[in-house]
Amino acid sequence: MSKNVGLKLSTVALAVLLASCGGGGSEGYFNQQSGSSTSPTTNPNTGEAVQSLNIGTIQLKDLSGNVTSVITGEGVIANVKVTDQSGNGVSGALVTFASTGGVVFGTSNNAVVTNANGEASISVKPIDASSTGAYKISASAEYDNNTATAKDVIFTLQPLNVVLSNLAAANTSLSSGASTNITLKTLNRDAATQNNVTVNFTASCGTFEPASVISSNQGDVITSYKAIASNGNLCENSAVITASSPSSSSSTATTVNIAAVQADSLVYTTTSDVNLGIKSSGSAASGSIEFTLYANGVPAKNKEVQLSLEKAPIDLNFVSLNNRDPQVVKSDSNGKILVNLYPGDIPGPVEIKATLVSSPNISAVSRGVKVSSGRVTQKGVSLSVSKQSLRTDIDGDVATIVARLVDRTGNPVPKDTVISFVSEGGKVDSNCMTDENGVCSVTLTTQSPRPLDNRVTVLAYLEGDKSYNDNNGDNLYTVGTDTLTSNIGDFFRDDDENTLYTVGEFLYKKAAGALQCAASSITQPNIPNTCDDNLSGVLRQQILFAFAHDTPTYVWNNGFESNGLISSGSGNFSFQVFGNTQKTVPMPSGTQISVEVKDNTDSNNLSCEADIRAGNITVPNVMGLLTPSTFANSGNELVSYSVRLKGCVAGDDVNVISSVPNGKIQKSFLEIK
């Protein structure tokens, strides 16, 4: 055997070991003097070796020290005694408690150590003071590898019948929206103060902070009551305050008196400007604004407020349709006063005044309200473009078309007014909707189809009102009294630009009238004898674009010989530059036209000069495209150029250069005769 090894063995194992080592003992224990084994641990109370461990019956005692099998919200103390084989208490033994449920023990691991008398005690409390049911508690003891288990004890959980006493408000008369402290005490069945009891507060009107309190410090409970309902409304008259507890079979209540709500401010609370469309605008037929009534900074409900018109067009109604007289209304549950507005056909500013009936010095006036937006009018359609001559030799060159729309009074049309577009060539966005300023835009993009004459017609159209003379000045169109100034009916996209409908062109038929119409034009195509005398119509506006090539087509005019030579080295010569061979469009917008010379004089005195005296050095973005039949006219300033030569002689060279943005640069070489 090895020395210095301590063994704790059963009696049988010790006997076998002693026999093998040549020794033994009548008690069955062996303590080798050399230190190879030690005797069992002794009981600190007696010095006697602990050979076995015993544990007594678990006892549950209430706070008065009485043995019980019932646990309430007050809790109990669980006691058990640990002894040795001689019945002496063992101190320092570890006792661990357990339960089948419903309770918690006083230590985090449910274990305690026995005291000098061998007793172990631990507190036991319900997990929930309102819990009921029957459960078991068990305990096990351990000391120097000796263990013992106590017999389970059965207990029941019962709610603690707490008495809620002395409920009181610090102040029983409150102004609306004010607060006060609420106090009470929690007592047990013996009328002694009881701590750790949950008390919940409710009120017929009002809120608490906090609404649930656990009693402490001699059963005291305190919370703060505020005479403002949970939805923000002010309380008034009286409020019943109730206290209850899961640990009590009854509740208790008290009453506080609350003064009537005294509104003290009235505010216009519409957050943005209100721009109403006139009755015939096609937008919403009404609108609304809002005031809010307050008392002590909290919305005040059910209070009378008088509404009156201070400024408004003569045909605007408010509160209800056809009403213009002052009206008394009541604030809603959120203190709001909503005012409906019904515009007529006359634009103008609007002011509504709200006055508290009970206190006329409290009032508010609306602001930022007006009647303005009407339907787009025939003269109020304006189209502009970022550029008019696009590069047709590539797909994806883009021009932006901006539509700006106003009504008859020059105000922006209602937001989201729709204007549609169709195109003879390329791709155009089908429509756009106006923003709050009456503006929207689409794009025209080069791609197939590409018209053979390189000219593209784009047509825009939308629902609106025809233009008229208001002969009686009532701002309303009246058939037979007022006069349409440029009547329109059905229309078409004028692809061949002859102002007449040609079979195959886009046609829009809706008017179904038979009256004469205004003459058809490039900007406003019109089909004769399709008009009526109604105000409503489909407005239209047409705009022309060029799909031009990068390679210029030149026409040499004055100053050239028939063989292409420049006739003189001094004076002017002229030419035209087109973006197609049919000579119906200019070069792409942004193209630079320039001239340069090469002085071939033998001497060092180089004097040949050339500069453009007339013509667009840069092809403009916006242009008058005229008509295909007249575009090539030599008087067309869009494509015509004049160059002055100075000091040049026969044999000198002149180059006309065309430079397309991000495209081709081409020089045309000329020689002076």
# chains A, B, ... in the order shown; residues from 1 in each chain; ligands from 1
>>> residues_around(residues="Gly571 in chain A", least_positions_apart="6", cutoff="7 Å", atoms="only C-alpha atoms", output="list in words")
Arg644, Leu645 and Lys646 of chain A
>>> residues_around(residues="Asn275 in chain A", least_positions_apart="6", cutoff="12 Å", atoms="only C-alpha atoms", output="number ranges by chain")
A: 283-284, 286-289, 341, 343, 347-350, 367-374, 411-415, 436-437
>>> closest_atom_pairs(of="range 223-275 of chain A", to="range 352-357 of chain A", cutoff="10 Å", atoms="only C-alpha atoms", output="Markdown table")
| residue | atom | partner | partner_atom | distance |
| --- | --- | --- | --- | --- |
| A:Ala263 | CA | A:Leu356 | CA | 8.2 |
| A:Asp264 | CA | A:Leu356 | CA | 9.1 |
| A:Ser265 | CA | A:Leu356 | CA | 8.7 |
| A:Leu266 | CA | A:Leu356 | CA | 7.6 |
| A:Val267 | CA | A:Ala354 | CA | 8.9 |
| A:Tyr268 | CA | A:Ala354 | CA | 8.6 |
>>> write_last_selection(atoms="all heavy atoms", output="short mmCIF file (atom, residue, chain, number, x, y, z; two decimals), in the first residue's frame")
data_model
loop_
_atom_site.label_atom_id
_atom_site.label_comp_id
_atom_site.auth_asym_id
_atom_site.auth_seq_id
_atom_site.Cartn_x
_atom_site.Cartn_y
_atom_site.Cartn_z
N ALA A 263 -61.72 76.02 -20.19
CA ALA A 263 -60.86 76.18 -21.36
C ALA A 263 -60.15 77.53 -21.29
O ALA A 263 -60.73 78.54 -20.91
CB ALA A 263 -61.68 76.08 -22.63
N ASP A 264 -58.88 77.52 -21.64
CA ASP A 264 -58.11 78.76 -21.52
C ASP A 264 -57.35 79.13 -22.79
O ASP A 264 -56.69 80.16 -22.83
CB ASP A 264 -57.13 78.67 -20.35
CG ASP A 264 -56.24 77.44 -20.42
OD1 ASP A 264 -56.09 76.88 -21.52
OD2 ASP A 264 -55.72 77.04 -19.37
N SER A 265 -57.42 78.31 -23.84
CA SER A 265 -56.76 78.69 -25.10
C SER A 265 -57.41 77.97 -26.27
O SER A 265 -57.91 76.84 -26.14
CB SER A 265 -55.26 78.38 -25.05
OG SER A 265 -55.05 76.99 -24.98
N LEU A 266 -57.40 78.63 -27.40
CA LEU A 266 -57.96 78.10 -28.64
C LEU A 266 -56.92 78.31 -29.72
O LEU A 266 -56.42 79.43 -29.90
CB LEU A 266 -59.26 78.83 -28.98
CG LEU A 266 -60.15 78.29 -30.09
CD1 LEU A 266 -60.53 76.83 -29.83
CD2 LEU A 266 -61.43 79.12 -30.17
N VAL A 267 -56.55 77.24 -30.43
CA VAL A 267 -55.42 77.29 -31.36
C VAL A 267 -55.86 76.76 -32.73
O VAL A 267 -56.57 75.75 -32.82
CB VAL A 267 -54.23 76.46 -30.83
CG1 VAL A 267 -53.06 76.52 -31.80
CG2 VAL A 267 -53.81 76.95 -29.45
N TYR A 268 -55.42 77.45 -33.79
CA TYR A 268 -55.62 76.93 -35.15
C TYR A 268 -54.56 75.87 -35.39
O TYR A 268 -53.36 76.16 -35.39
CB TYR A 268 -55.49 78.06 -36.17
CG TYR A 268 -55.67 77.61 -37.60
CD1 TYR A 268 -56.89 77.12 -38.06
CD2 TYR A 268 -54.61 77.67 -38.50
CE1 TYR A 268 -57.06 76.71 -39.36
CE2 TYR A 268 -54.77 77.27 -39.82
CZ TYR A 268 -56.00 76.78 -40.24
OH TYR A 268 -56.16 76.37 -41.54
#
>>> atom_distance(atom1="CA of Leu459 in chain A", atom2="CA of Thr584 in chain A")
19.7 Å
>>> select_by_dssp(residues="range 14-258 of chain A", states="helix (DSSP H, G or I)", output="PyMOL selection string")
chain A and resi 14-21
>>> closest_residue(among="A:Ala192, A:Leu174, A:Val479, A:Val365", to="Asn237 in chain A", atoms="only C-alpha atoms")
A:Leu174
>>> closest_residue(among="A:Leu383, A:Leu484, A:Ile222, A:Met433", to="Asp533 in chain A", atoms="only C-alpha atoms")
A:Leu484
>>> closest_residue(among="A:Thr242, A:Asn43, A:Thr551, A:Asn534", to="Ser212 in chain A", atoms="only C-alpha atoms")
A:Thr242
>>> closest_residue(among="A:Ser248, A:Asn572, A:Gln524, A:Thr183", to="Asn557 in chain A", atoms="only C-alpha atoms")
A:Asn572
